[in-house]
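Worksheet: the structure to be examined is printed underneath.
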Amino acid sequence: MYDHRKIGRELGLFDSDPLIGAGLPYWLPAGAAVRRALENYIAEVERRAGYQQVYSPVLAKRELYEISGHWAKYHDDMYPPMDMGAEQLVLRPSICPHHALMYRSRSHSYRELPLRISELGGQYRAELSGAIGGLSRVRAMQLNDGHIFCRPDQIAEEAAGALDLINQAYVDLGISASRYVLALPSEDAEFNSPNSKYVGDAASWANSVEILRGVLESAGIEYEDAPGDAAFYGPKIDIQVQDSAGREFSLSTVQLDFHQPERFGLEYIGADGNKHRPVMVHRAIVGSIERAMAQLIEVHGGAFPAWLAPVQLVVLPISDDEEKPAAEVARRASDRGLRVEIAHADEGSLGARIRENRLAPYQAVIGAREAAAGEMAVRERGGKRHDPAPIGAVLDRIRREAEPRAIAIDDAEES
């Protein structure tokens with residue numbers, strides 16, 4: 001594997017600046033293009049899985065986190081509150097309390113459940129300077145977060161569905177899990193006491209652990225128990241990945257939560273006409289976008305799959321005489337939604353330009369013959385070469401091949 005910090009800077013994907021601060025990377029155009037493709041992929045995967053996407057503010061009153069339990073159990077990882085008149089506002093460490101309030105804002109029938117909502121939202125962790133590293137551990141992140149509000153009889157199916165989404169995303173992205181972990185409370189855990197790190201009651205915890213264990217075993221997934229690693233509100237399945245140095249990070253997760261629905265008074269009207277308490281299933285398909293990008297950079301070494309590549313097609317005019325036809329090819333490619341650049345003739349010999357753009361999935365050489373015939377000859381990154389063919393047909397083929405598996409787009413009309 002490659003070091004994403006080195007590759008990321010060499011390829012102009014991301015960087016940082018002391019005036020912005022440690023653990024606060026910024027995205028350059030090439031990195032932003034990869035990130036946007038990843039975000040679009042996740043949004044489409046979620047849409048097809050029945051999620052409704054929402055937005056919520058990155059600030060909230062301290063009281064929100066007092067109710068959720070974060071202030072008491074997670075305070076050390078949160079930024080200090082900001083005084084705003086008589087109120088104190090906090091940069092959120094988690095998105096789940098916002099989603100709980102969204103659920104509470106409307107009445108719900110049992111027929112509506114499960115209600116799946118997702119958000120690509122900012123959250124903030126007060127990481128110590130010594131713990132920060134590249135994109136893998138940052139202070140400000142965009143989290144691919146989601147919450148499923150369901151009836152008790154739907155928990156196992158929804159948790160299994162979330163795990164299936166994660167596993168499919170790993171296949172599509174080329175990511176491999178190093179371990180699956182069932183994060184449990186510590187063996188001597190006390191529940192819902194002032195000094196305990198966990199909230200809730202022992203019976204709910206035992207039920208949650210049994211459900212998640214059943215999900216893993218039904219899926220035939222080997223896993224390890226991790227006593228003491230549970231969230232303060234419930235057990236979780238964590239999917240671990242490794243970086244180039246062999247360090248392990250949690251990337252994706254499925255968590256059960258009986259606590260916050262109770263704390264926020266969440267309800268639905270059951271078939272019996274009475275009020276019942278839903279359960280929250282927390283899930284993150286790729287966790288933070290930053291950590292997912294670190295994995296993608298290291299796994300692919302900058303040679304991203306065509307649908308993720310910052311530049312999908314590089315057009316190479318052989319000489320100045322082909323600059324105008326090359327610009328027309330680039331325009332038509334851009335009109336089809338392809339990310340395209342021109343490697344101009346005055347930037348070096350054709351061979352040098354081909355080597356300089358070796359990470360691009362497709363290279364299109366435009367010589368005098370191709371320009372006169374309205375054709376282009378394509379070279380793929382793996383070395384495969386195609387004979388010259390009409391420009392429109394070649395671009396349509398590239399566009400189809402450059403779409404992720406989860407997204408289907410009808411062929412565009414010739415332009």
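Please note that chains go A, B, ... in the order of the structure tokens, that every chain numbers its residues from 1, and that ligands are numbered from 1 in the order shown.
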
Distance table requested - segment 354-373 of chain A against segment 330-343 of chain A, cut-off 12 Å, only C-alpha atoms: one row per qualifying residue with the closest atom pair and its distance in Å to one decimal, ordered by chain and rising residue number, as a tab-separated table.
```
residue	atom	partner	partner_atom	distance
A:Ile354	CA	A:Ala343	CA	8.6
A:Arg355	CA	A:Ala343	CA	11.0
A:Glu356	CA	A:Ala343	CA	9.1
A:Asn357	CA	A:Ala343	CA	8.2
A:Arg358	CA	A:Ala343	CA	11.7
A:Ala360	CA	A:Val340	CA	9.5
A:Pro361	CA	A:Val340	CA	10.7
A:Tyr362	CA	A:Val340	CA	9.6
A:Gln363	CA	A:Ala343	CA	9.6
A:Ala364	CA	A:Ile342	CA	9.4
A:Val365	CA	A:Ala343	CA	9.9
A:Ile366	CA	A:Ile342	CA	10.7
```

Could you give me, as JSON lines, every segment 139-194 of chain A residue with an atom at most 9 Å from segment 236-257 of chain A, plus its closest atom pair and distance in Å to one decimal, counting only C-alpha atoms, rows ordered by chain then number?
```
{"residue": "A:Ile155", "atom": "CA", "partner": "A:Leu256", "partner_atom": "CA", "distance": 8.3}
{"residue": "A:Ala159", "atom": "CA", "partner": "A:Val254", "partner_atom": "CA", "distance": 6.6}
{"residue": "A:Ala160", "atom": "CA", "partner": "A:Val254", "partner_atom": "CA", "distance": 8.9}
{"residue": "A:Ala162", "atom": "CA", "partner": "A:Val254", "partner_atom": "CA", "distance": 6.9}
{"residue": "A:Leu163", "atom": "CA", "partner": "A:Val254", "partner_atom": "CA", "distance": 6.9}
{"residue": "A:Ile166", "atom": "CA", "partner": "A:Ser252", "partner_atom": "CA", "distance": 7.1}
{"residue": "A:Ile175", "atom": "CA", "partner": "A:Val241", "partner_atom": "CA", "distance": 8.2}
{"residue": "A:Ser176", "atom": "CA", "partner": "A:Val241", "partner_atom": "CA", "distance": 6.9}
{"residue": "A:Ala177", "atom": "CA", "partner": "A:Val241", "partner_atom": "CA", "distance": 5.0}
{"residue": "A:Ser178", "atom": "CA", "partner": "A:Val241", "partner_atom": "CA", "distance": 4.9}
{"residue": "A:Arg179", "atom": "CA", "partner": "A:Gln240", "partner_atom": "CA", "distance": 5.1}
{"residue": "A:Tyr180", "atom": "CA", "partner": "A:Ile239", "partner_atom": "CA", "distance": 4.8}
{"residue": "A:Val181", "atom": "CA", "partner": "A:Asp238", "partner_atom": "CA", "distance": 5.1}
{"residue": "A:Leu182", "atom": "CA", "partner": "A:Ile237", "partner_atom": "CA", "distance": 4.7}
{"residue": "A:Ala183", "atom": "CA", "partner": "A:Lys236", "partner_atom": "CA", "distance": 5.2}
{"residue": "A:Leu184", "atom": "CA", "partner": "A:Lys236", "partner_atom": "CA", "distance": 7.2}
```

task = Enumerate as a PyMOL selection string all residues of segment 57-238 of chain A assigned to alpha helix (DSSP H) by DSSP on the backbone, naming them with the chain letters and numbers the document uses.
result = chain A and resi 62-68+70-73+96-104+155-173+202-218

* Asked: Where in segment 6-248 of chain A does DSSP assign strand (DSSP E or B), given as a PyMOL selection string?
  -> chain A and resi 14-15+26-27+52-53+59-61+82-84+87-91+109+115-124+133+137+140-150+179-184+191+198+224-227+231+234+236-242+248

Can I get the selection written as a PDB file, in the first residue's frame, with C-alpha atoms?
```pdb
ATOM      1  CA  PHE A  14      -5.266  17.689  -0.510  1.00  0.00           C
ATOM      2  CA  ASP A  15      -2.956  19.670   1.730  1.00  0.00           C
ATOM      3  CA  TYR A  26      -8.293  21.301   2.659  1.00  0.00           C
ATOM      4  CA  TRP A  27      -9.181  19.748  -0.685  1.00  0.00           C
ATOM      5  CA  GLN A  52     -34.222  10.016   2.749  1.00  0.00           C
ATOM      6  CA  GLN A  53     -31.367  12.511   2.812  1.00  0.00           C
ATOM      7  CA  LEU A  59     -23.942  23.713  15.990  1.00  0.00           C
ATOM      8  CA  ALA A  60     -26.434  23.003  18.742  1.00  0.00           C
ATOM      9  CA  LYS A  61     -27.171  24.122  22.270  1.00  0.00           C
ATOM     10  CA  MET A  82     -19.246  29.021  22.950  1.00  0.00           C
ATOM     11  CA  ASP A  83     -21.144  31.613  24.944  1.00  0.00           C
ATOM     12  CA  MET A  84     -23.798  33.330  22.842  1.00  0.00           C
ATOM     13  CA  GLU A  87     -26.969  30.293  25.599  1.00  0.00           C
ATOM     14  CA  GLN A  88     -24.016  27.990  25.058  1.00  0.00           C
ATOM     15  CA  LEU A  89     -23.500  26.537  21.602  1.00  0.00           C
ATOM     16  CA  VAL A  90     -21.380  23.464  20.885  1.00  0.00           C
ATOM     17  CA  LEU A  91     -19.761  22.132  17.720  1.00  0.00           C
ATOM     18  CA  SER A 109     -47.379   5.416  12.459  1.00  0.00           C
ATOM     19  CA  LEU A 115     -37.799   5.331   8.599  1.00  0.00           C
ATOM     20  CA  ARG A 116     -34.290   5.637   7.176  1.00  0.00           C
ATOM     21  CA  ILE A 117     -32.604   9.039   7.053  1.00  0.00           C
ATOM     22  CA  SER A 118     -29.037   9.863   6.092  1.00  0.00           C
ATOM     23  CA  GLU A 119     -26.795  12.885   5.974  1.00  0.00           C
ATOM     24  CA  LEU A 120     -23.342  13.802   4.806  1.00  0.00           C
ATOM     25  CA  GLY A 121     -22.710  16.221   7.632  1.00  0.00           C
ATOM     26  CA  GLY A 122     -19.912  17.936   9.485  1.00  0.00           C
ATOM     27  CA  GLN A 123     -18.892  16.925  12.967  1.00  0.00           C
ATOM     28  CA  TYR A 124     -15.953  17.828  15.184  1.00  0.00           C
ATOM     29  CA  GLY A 133      -2.438  12.038  11.082  1.00  0.00           C
ATOM     30  CA  ARG A 137      -7.590  11.183  12.063  1.00  0.00           C
ATOM     31  CA  ALA A 140     -13.239  18.316  11.408  1.00  0.00           C
ATOM     32  CA  MET A 141     -14.839  15.633   9.277  1.00  0.00           C
ATOM     33  CA  GLN A 142     -17.725  15.008   6.944  1.00  0.00           C
ATOM     34  CA  LEU A 143     -19.516  11.927   8.197  1.00  0.00           C
ATOM     35  CA  ASN A 144     -21.558   9.612   5.995  1.00  0.00           C
ATOM     36  CA  ASP A 145     -24.068   9.153   8.790  1.00  0.00           C
ATOM     37  CA  GLY A 146     -27.473   7.530   8.840  1.00  0.00           C
ATOM     38  CA  HIS A 147     -30.125   6.497  11.326  1.00  0.00           C
ATOM     39  CA  ILE A 148     -32.914   4.000  11.014  1.00  0.00           C
ATOM     40  CA  PHE A 149     -35.927   4.397  13.287  1.00  0.00           C
ATOM     41  CA  CYS A 150     -37.667   1.051  13.478  1.00  0.00           C
ATOM     42  CA  ARG A 179     -11.367  -7.245  10.792  1.00  0.00           C
ATOM     43  CA  TYR A 180     -14.984  -7.204  11.883  1.00  0.00           C
ATOM     44  CA  VAL A 181     -15.356  -6.354  15.553  1.00  0.00           C
ATOM     45  CA  LEU A 182     -18.333  -6.722  17.859  1.00  0.00           C
ATOM     46  CA  ALA A 183     -17.758  -3.855  20.288  1.00  0.00           C
ATOM     47  CA  LEU A 184     -19.163  -4.775  23.701  1.00  0.00           C
ATOM     48  CA  PHE A 191     -25.224   0.666  33.585  1.00  0.00           C
ATOM     49  CA  TYR A 198     -22.600   3.339  29.721  1.00  0.00           C
ATOM     50  CA  GLU A 224     -13.863 -10.729  17.217  1.00  0.00           C
ATOM     51  CA  ASP A 225     -15.399  -9.604  20.487  1.00  0.00           C
ATOM     52  CA  ALA A 226     -14.005  -6.319  21.811  1.00  0.00           C
ATOM     53  CA  PRO A 227     -15.096  -5.813  25.439  1.00  0.00           C
ATOM     54  CA  ALA A 231     -20.471   3.240  22.391  1.00  0.00           C
ATOM     55  CA  GLY A 234     -25.078   0.609  22.868  1.00  0.00           C
ATOM     56  CA  LYS A 236     -21.817  -1.919  17.677  1.00  0.00           C
ATOM     57  CA  ILE A 237     -20.279  -3.737  14.754  1.00  0.00           C
ATOM     58  CA  ASP A 238     -17.112  -1.939  13.664  1.00  0.00           C
ATOM     59  CA  ILE A 239     -15.457  -2.698  10.338  1.00  0.00           C
ATOM     60  CA  GLN A 240     -11.720  -2.128  10.595  1.00  0.00           C
ATOM     61  CA  VAL A 241      -9.244  -1.234   7.845  1.00  0.00           C
ATOM     62  CA  GLN A 242      -5.469  -0.906   7.845  1.00  0.00           C
ATOM     63  CA  GLU A 248      -5.927  -0.039  12.169  1.00  0.00           C
TER      64      GLU A 248
END
```

How many Å separate atom CA of Val281 of chain A from atom CA of Pro57 of chain A?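 So the answer is 21.0 Å.
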
In Å and to one decimal, atom CA of Ile318 of chain A is distant from atom CA of Gly367 of chain A by 5.3 Å

note - atom CA of Pro317 of chain A and atom CA of Ala345 of chain A are separated by 5.9 Å

*Give the answer as one residue: which of A:Arg291, A:Arg263, A:Arg48, A:Arg385 has the shortest atom-to-atom distance to Leu165 of chain A, using only C-alpha atoms?*
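Looking only at the distances to Leu165 of chain A, the closest residue turns out to be A:Arg48.
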
Which residue gives the smallest distance to Tyr51 of chain A among A:Asp76, A:Asp3, A:Glu158, A:Glu347, with only C-alpha atoms counted?
->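 Counting only C-alpha atoms, the residue closest to Tyr51 of chain A is A:Glu158.
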
Rank A:Ile95, A:Ala169, A:Ile269, A:Gly69 by their smallest atom-to-atom distance to Pro404 of chain A, using only C-alpha atoms, and report the top residue only.
->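 Result for the nearest residue to Pro404 of chain A: A:Ala169.
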
Worksheet item: Looking at only C-alpha atoms, which of A:Tyr2, A:Arg125, A:Met102, A:Ser107 is the one that sits closest to Ser288 of chain A?
Response: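 Result for the nearest residue to Ser288 of chain A: A:Arg125.
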
Just want the 12 Å neighbourhood of Arg35 of chain A, counted on only C-alpha atoms, with same-chain residues fewer than 4 positions away dropped. Output as JSON, numbers by chain. {"A": [13, 14, 26, 27, 28, 29, 30, 31, 39, 40, 41, 42, 120, 142, 288, 289, 290, 291, 292, 293, 294, 296, 297, 304, 307, 308, 309, 310]}

Looking at A:Ala352, A:Ala326, A:Ala126, A:Val279, which one is nearest to Arg151 of chain A, with distances taken over only C-alpha atoms?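 For Arg151 of chain A, the nearest of the candidates is A:Val279.
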